[in-house]
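Shown below: coords.cif, with mmCIF, C-alpha atoms and all ligand atoms.
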data_input
#
loop_
_atom_site.label_atom_id
_atom_site.label_comp_id
_atom_site.auth_asym_id
_atom_site.auth_seq_id
_atom_site.Cartn_x
_atom_site.Cartn_y
_atom_site.Cartn_z
CA MET A 518 140.67 36.44 113.15
CA ASN A 519 138.50 35.80 116.21
CA ILE A 520 136.21 38.75 116.97
CA ASP A 521 135.74 37.50 120.56
CA ASN A 522 139.28 38.68 121.29
CA TYR A 523 138.08 42.28 120.83
CA LYS A 524 134.70 42.22 122.65
CA ALA A 525 136.08 44.30 125.54
CA TYR A 526 136.94 47.14 123.15
CA ILE A 527 133.68 47.21 121.17
CA SER A 528 131.56 49.56 123.26
CA ALA A 529 129.18 52.52 123.15
CA GLU A 530 132.29 54.73 123.48
CA THR A 531 134.11 53.30 120.46
CA MET A 532 131.29 52.33 118.04
CA MET A 533 130.23 54.96 115.49
CA GLY A 534 127.81 52.84 113.47
CA PRO A 535 127.19 49.19 112.50
CA ASN A 536 129.93 47.05 114.06
CA SER A 537 133.06 48.05 112.12
CA ILE A 538 134.95 45.00 113.42
CA ARG A 539 132.48 42.66 111.70
CA ILE A 540 133.15 44.52 108.43
CA LEU A 541 136.91 44.41 108.99
CA GLU A 542 136.76 40.71 109.89
CA GLU A 543 135.08 39.85 106.58
CA LEU A 544 137.63 41.83 104.58
CA LEU A 545 140.60 40.27 106.38
CA ASN A 546 139.17 36.75 106.07
CA LYS A 547 138.52 37.20 102.36
CA TYR A 548 141.85 38.87 101.63
CA PRO A 549 144.33 37.84 104.36
CA LEU A 550 147.29 40.19 104.75
CA GLN A 551 150.78 38.96 105.39
CA LEU A 552 152.78 41.84 106.78
CA ALA A 553 156.10 42.21 108.58
CA PRO A 554 156.49 44.36 111.73
CA ASN A 555 158.12 47.16 109.73
CA ASP A 556 155.42 47.27 107.06
CA VAL A 557 153.19 50.33 107.25
CA LEU A 558 149.44 50.46 106.96
CA LEU A 559 146.95 53.34 106.84
CA ASP A 560 143.54 53.14 108.57
CA LEU A 561 141.71 55.90 106.69
CA GLY A 562 138.76 57.48 108.53
CA CYS A 563 139.56 55.42 111.65
CA GLY A 564 137.04 57.16 113.93
CA THR A 565 137.81 56.24 117.54
CA GLY A 566 140.65 53.97 116.43
CA LEU A 567 138.84 50.71 117.20
CA THR A 568 139.57 49.35 113.73
CA SER A 569 143.20 50.57 114.03
CA LEU A 570 143.61 48.52 117.22
CA VAL A 571 142.32 45.36 115.57
CA ILE A 572 144.40 45.94 112.41
CA ALA A 573 147.53 46.44 114.55
CA LYS A 574 146.88 43.28 116.59
CA GLU A 575 145.94 41.13 113.59
CA THR A 576 148.80 42.18 111.28
CA GLY A 577 151.62 43.10 113.68
CA ALA A 578 152.46 45.99 111.32
CA LYS A 579 152.78 49.71 112.06
CA VAL A 580 149.50 51.59 111.68
CA PHE A 581 148.79 55.24 110.92
CA ALA A 582 145.28 55.96 112.25
CA ASN A 583 143.88 58.94 110.37
CA ASP A 584 140.55 60.62 111.03
CA LEU A 585 138.92 64.02 110.51
CA TRP A 586 136.24 64.37 113.21
CA ILE A 587 138.21 62.78 116.07
CA SER A 588 141.38 64.56 117.14
CA ALA A 589 144.78 62.87 117.16
CA GLU A 590 145.08 63.71 120.86
CA GLU A 591 141.82 61.95 121.73
CA ASN A 592 142.86 58.84 119.81
CA ARG A 593 146.39 58.96 121.26
CA LYS A 594 144.92 58.77 124.78
CA ARG A 595 142.90 55.70 123.79
CA PHE A 596 145.95 54.03 122.20
CA VAL A 597 147.94 54.64 125.40
CA LYS A 598 145.08 53.15 127.47
CA TRP A 599 145.06 50.13 125.16
CA GLY A 600 148.88 49.79 125.30
CA VAL A 601 149.37 50.15 121.52
CA GLU A 602 150.83 53.67 121.33
CA GLU A 603 154.17 52.33 120.04
CA GLN A 604 152.47 50.59 117.12
CA ILE A 605 149.74 53.11 116.15
CA THR A 606 150.31 56.76 115.21
CA PRO A 607 147.20 58.99 115.37
CA ILE A 608 146.78 61.68 112.70
CA CYS A 609 143.98 64.18 112.12
CA GLU A 610 143.78 65.16 108.44
CA ASP A 611 141.19 65.44 105.70
CA ALA A 612 141.41 62.48 103.28
CA ASN A 613 141.28 65.07 100.49
CA ASN A 614 144.54 66.59 101.64
CA LEU A 615 146.84 64.01 103.20
CA HIS A 616 150.52 64.71 103.90
CA PHE A 617 152.12 61.27 104.01
CA LYS A 618 155.29 60.29 102.15
CA LYS A 619 154.85 59.07 98.59
CA LYS A 620 154.54 55.27 98.39
CA GLN A 621 154.53 55.02 102.20
CA PHE A 622 151.83 52.37 102.69
CA HIS A 623 151.80 48.65 101.92
CA VAL A 624 148.10 48.56 102.74
CA VAL A 625 145.26 51.07 103.08
CA ILE A 626 142.13 50.01 104.99
CA SER A 627 139.00 52.13 105.29
CA ILE A 628 135.91 51.00 107.22
CA ASP A 629 132.58 52.86 107.15
CA SER A 630 134.17 56.12 106.05
CA TYR A 631 135.28 56.09 102.37
CA HIS A 632 131.75 57.02 101.19
CA TYR A 633 132.09 60.41 102.97
CA PHE A 634 135.00 61.53 100.81
CA GLY A 635 135.80 59.02 98.04
CA GLY A 636 132.70 59.09 95.81
CA ASN A 637 134.06 61.14 92.92
CA LYS A 638 135.75 59.49 89.96
CA GLY A 639 139.51 60.07 90.12
CA PHE A 640 139.60 60.45 93.92
CA PHE A 641 141.44 57.16 94.46
CA GLN A 642 144.03 57.89 91.75
CA GLU A 643 144.63 61.47 92.91
CA LYS A 644 144.34 61.35 96.69
CA ILE A 645 145.18 57.80 97.80
CA LEU A 646 147.21 55.98 95.14
CA PRO A 647 150.29 58.25 95.41
CA PHE A 648 150.76 57.14 99.03
CA MET A 649 150.58 53.41 98.21
CA GLN A 650 153.51 51.14 97.49
CA ASP A 651 153.67 49.07 94.31
CA ASN A 652 152.04 45.65 94.78
CA GLY A 653 149.99 47.19 97.62
CA VAL A 654 146.43 46.44 98.65
CA CYS A 655 143.46 48.61 99.57
CA LEU A 656 140.51 47.12 101.50
CA ILE A 657 137.33 49.18 101.91
CA GLY A 658 134.02 48.33 103.61
CA ILE A 659 131.21 50.88 103.49
CA PRO A 660 127.43 51.09 103.63
CA GLY A 661 125.84 51.29 100.20
CA LEU A 662 122.89 50.42 98.01
CA LYS A 663 122.13 46.92 96.71
CA ASP A 664 123.06 46.50 93.04
CA LYS A 665 119.44 46.12 91.93
CA TYR A 666 118.67 49.66 93.19
CA THR A 667 121.67 51.36 91.52
CA GLY A 668 120.97 55.04 90.94
CA CYS A 669 117.90 55.18 93.24
CA ALA A 670 119.57 56.22 96.53
CA GLU A 671 117.82 59.58 96.95
CA GLU A 672 114.41 58.15 96.11
CA LEU A 673 114.76 55.15 98.47
CA LEU A 674 116.87 56.41 101.36
CA SER A 675 116.06 60.12 101.87
CA ASP A 676 113.43 59.53 104.58
CA TRP A 677 116.17 57.88 106.64
CA LEU A 678 119.29 59.80 105.57
CA GLY A 679 118.04 63.13 104.22
CA TYR A 680 120.67 64.86 102.08
CA ASP A 681 123.32 62.21 102.88
CA ALA A 682 121.47 59.58 100.81
CA TYR A 683 123.65 60.41 97.78
CA MET A 684 126.66 58.81 99.50
CA PHE A 685 125.08 55.34 99.30
CA LYS A 686 126.18 53.72 96.03
CA SER A 687 126.00 50.13 94.80
CA PRO A 688 128.97 47.74 94.40
CA LYS A 689 128.53 48.05 90.63
CA LEU A 690 128.79 51.85 90.79
CA TRP A 691 131.73 51.80 93.22
CA LYS A 692 133.71 49.67 90.75
CA GLU A 693 133.21 52.38 88.13
CA LEU A 694 134.03 55.18 90.58
CA ILE A 695 137.30 53.59 91.69
CA GLY A 696 138.14 53.32 88.00
CA ASP A 697 141.47 52.26 86.56
CA ASP A 698 145.07 53.34 86.28
CA ASN A 699 148.29 51.81 85.00
CA ARG A 700 149.25 51.15 88.66
CA ILE A 701 146.00 49.28 89.40
CA LYS A 702 145.96 45.55 88.65
CA LEU A 703 142.48 44.63 89.86
CA VAL A 704 139.34 46.12 91.44
CA LYS A 705 136.63 43.88 92.95
CA THR A 706 133.43 45.06 94.60
CA TRP A 707 130.71 42.96 96.23
CA GLU A 708 127.76 42.93 98.65
CA MET A 709 129.25 41.82 101.97
CA ASP A 710 127.92 38.92 104.10
CA CYS A 711 128.28 40.66 107.49
CA PHE A 712 125.21 42.92 107.09
CA SER A 713 122.90 41.38 109.70
CA LYS A 714 125.54 40.80 112.37
CA ALA A 715 127.07 44.27 112.02
CA TRP A 716 123.65 45.97 112.16
CA ASN A 717 122.35 43.81 115.05
CA ASP A 718 125.38 44.73 117.20
CA TRP A 719 124.77 48.45 116.54
CA LEU A 720 120.98 48.41 116.98
CA ALA A 721 121.43 46.69 120.35
CA THR A 722 123.26 49.79 121.71
CA ASN A 723 121.50 52.78 123.20
CA ASN A 724 123.37 55.30 121.07
CA ASN A 725 120.96 58.04 119.87
CA PHE A 726 121.90 57.43 116.22
CA ALA A 727 121.21 53.71 116.70
CA LEU A 728 117.79 54.53 118.18
CA ASN A 729 116.99 56.54 115.05
CA ASP A 730 118.32 53.76 112.75
CA ARG A 731 116.09 51.27 114.57
CA GLN A 732 112.99 53.07 113.28
CA TYR A 733 114.06 52.63 109.66
CA PHE A 734 115.74 49.22 109.77
CA GLU A 735 112.87 47.02 108.55
CA THR A 736 111.38 49.50 106.06
CA ILE A 737 114.49 51.05 104.44
CA ILE A 738 117.86 49.83 105.69
CA LYS A 739 117.28 46.06 105.35
CA PRO A 740 115.43 45.99 102.01
CA TYR A 741 117.57 48.50 100.08
CA THR A 742 121.05 48.74 101.58
CA CYS A 743 124.08 46.50 102.01
CA PHE A 744 127.73 46.84 102.93
CA VAL A 745 129.93 47.23 99.89
CA GLY A 746 133.30 45.49 99.97
CA ILE A 747 136.02 46.93 97.74
CA TYR A 748 139.36 45.22 97.06
CA ILE A 749 142.02 47.05 95.06
CA LYS A 750 145.30 45.32 94.16
CA LEU A 751 148.16 47.33 92.70
CA ASN A 752 150.66 46.18 90.12
CA LYS A 753 154.25 45.34 90.97
CA SER A 754 156.63 48.15 90.00
CA LEU A 755 156.43 48.99 86.29
C1 LIG A 801 130.92 56.38 110.77
S1 LIG A 801 132.52 56.90 111.24
C2 LIG A 801 133.42 55.37 111.13
C3 LIG A 801 134.69 55.38 111.89
C4 LIG A 801 135.47 54.07 111.95
N1 LIG A 801 136.12 53.76 110.70
C5 LIG A 801 134.59 52.94 112.39
O1 LIG A 801 134.17 52.17 111.51
O2 LIG A 801 134.28 52.84 113.56
C6 LIG A 801 133.07 57.78 109.78
C7 LIG A 801 134.42 58.44 109.95
O3 LIG A 801 134.79 59.01 108.69
C8 LIG A 801 135.63 60.10 108.97
N2 LIG A 801 135.68 61.05 107.86
C9 LIG A 801 134.64 61.66 107.25
N3 LIG A 801 135.09 62.51 106.30
C10 LIG A 801 136.45 62.42 106.32
C11 LIG A 801 137.48 63.03 105.59
N4 LIG A 801 137.21 63.92 104.63
N5 LIG A 801 138.76 62.71 105.88
C12 LIG A 801 139.05 61.79 106.83
N6 LIG A 801 138.10 61.16 107.56
C13 LIG A 801 136.82 61.48 107.32
C14 LIG A 801 135.00 60.77 110.18
O4 LIG A 801 135.95 61.54 110.87
C15 LIG A 801 134.42 59.58 110.96
O5 LIG A 801 135.20 59.24 112.07
#

Could you quickly redo this structure as structure tokens?
Ligand SMILES: C[S@@+](CC[C@H](N)C(=O)[O-])C[C@H]1O[C@@H](n2cnc3c(N)ncnc32)[C@H](O)[C@@H]1O
Amino acid sequence: MNIDNYKAYISAETMMGPNSIRILEELLNKYPLQLAPNDVLLDLGCGTGLTSLVIAKETGAKVFANDLWISAEENRKRFVKWGVEEQITPICEDANNLHFKKKQFHVVISIDSYHYFGGNKGFFQEKILPFMQDNGVCLIGIPGLKDKYTGCAEELLSDWLGYDAYMFKSPKLWKELIGDDNRIKLVKTWEMDCFSKAWNDWLATNNNFALNDRQYFETIIKPYTCFVGIYIKLNKSL
């Protein structure tokens, strides 16, 4: 995928943190998806729907764009403006209580959001797996802690994140938290390569959250954190 194709959409209005399209780009380059137009994909915690747009354009598949803080109506207006309302369906539901059909999705993608709701063991099996088709794929990219600091999030990140520091977990810990199941074939977690580019794009904006992040980038964010990539491949039907 060529990120330059999406520059016009990546703006102060659509960004909610480090450039989510850089994170998505790395996931899609590492694990390319081959989907047909009738295949169905979930963008979980889609925010303003920027990632949903890119997923729709890159895969050609149908996308359900689900978020909690941003209403379906607000995202629908953006999808109409972008001319993708036929391909992307906006939904506003809590990831802890989704109402999709069982085995509806070929692929679930979640960028910069899974750490808000998915950090308890068993969450994936209970709340996400039932909606995934056999042989399906889940791609997740989230901020986290470097492996060498596993278990030290509160101690290292609280000055920057306050109470939210607990959400930052290492790739090693995320592998354990995703856990296993007889429907899961493989789980891989890793420190992603897109860290500097994704952060530089965000810190260059004048968003108030970015201004705050700028103060902590050299002392906390860069030395201790990373983006955690998570790839989950399901088994073919049993
Ligand atoms: C930092 S934003 C990232 C949004 C988008 N994925 C992106 O990368 O631009 C985190 C998103 O997680 C979503 N989120 C947090 N808790 C959630 C939950 N329980 N269920 C669904 N979405 C949730 C929020 O609504 C928010 O839009």

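Interatomic distance, CA of Met518 (chain A) against CA of Leu545 (chain A): 7.8 Å.
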
Subject >> Shell of 8 Å around ligand LIG 801 (chain A) (all atoms listed in the file), written as JSON, numbers by chain >> reply: {"A": [531, 532, 533, 534, 535, 536, 537, 538, 560, 561, 562, 563, 564, 565, 566, 567, 568, 583, 584, 585, 586, 587, 609, 610, 611, 612, 613, 627, 628, 629, 630, 631, 633, 634]}

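Distances here use all atoms listed in the file; by that measure, the residue among A:Asn723, A:Gln621, A:Thr706, A:Asn729 closest to Tyr748 (chain A) is A:Thr706.
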
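Proximity to Lys714 (chain A) was assessed for A:Ile540, A:Ala525, A:Leu751, A:Ile657 counting only C-alpha atoms; the smallest distance is recorded for A:Ile540.
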
Original post:
What lies within 7 Å of region 681-698 of chain A using only C-alpha atoms, ignoring chain neighbours under 4 positions off, as a VMD selection string?
Top reply: chain A and resid 632 to 633 636 to 638 641 660 to 664 667 670 to 671 674 to 675 704 to 708 745

**OP:** Write out as a PyMOL selection string the residues lying within 12 Å of Asn546 (chain A), counting all atoms listed in the file and excluding same-chain residues fewer than 3 positions away.
**Re:** chain A and resi 518-520+538-543+549-551+575+656+709-711
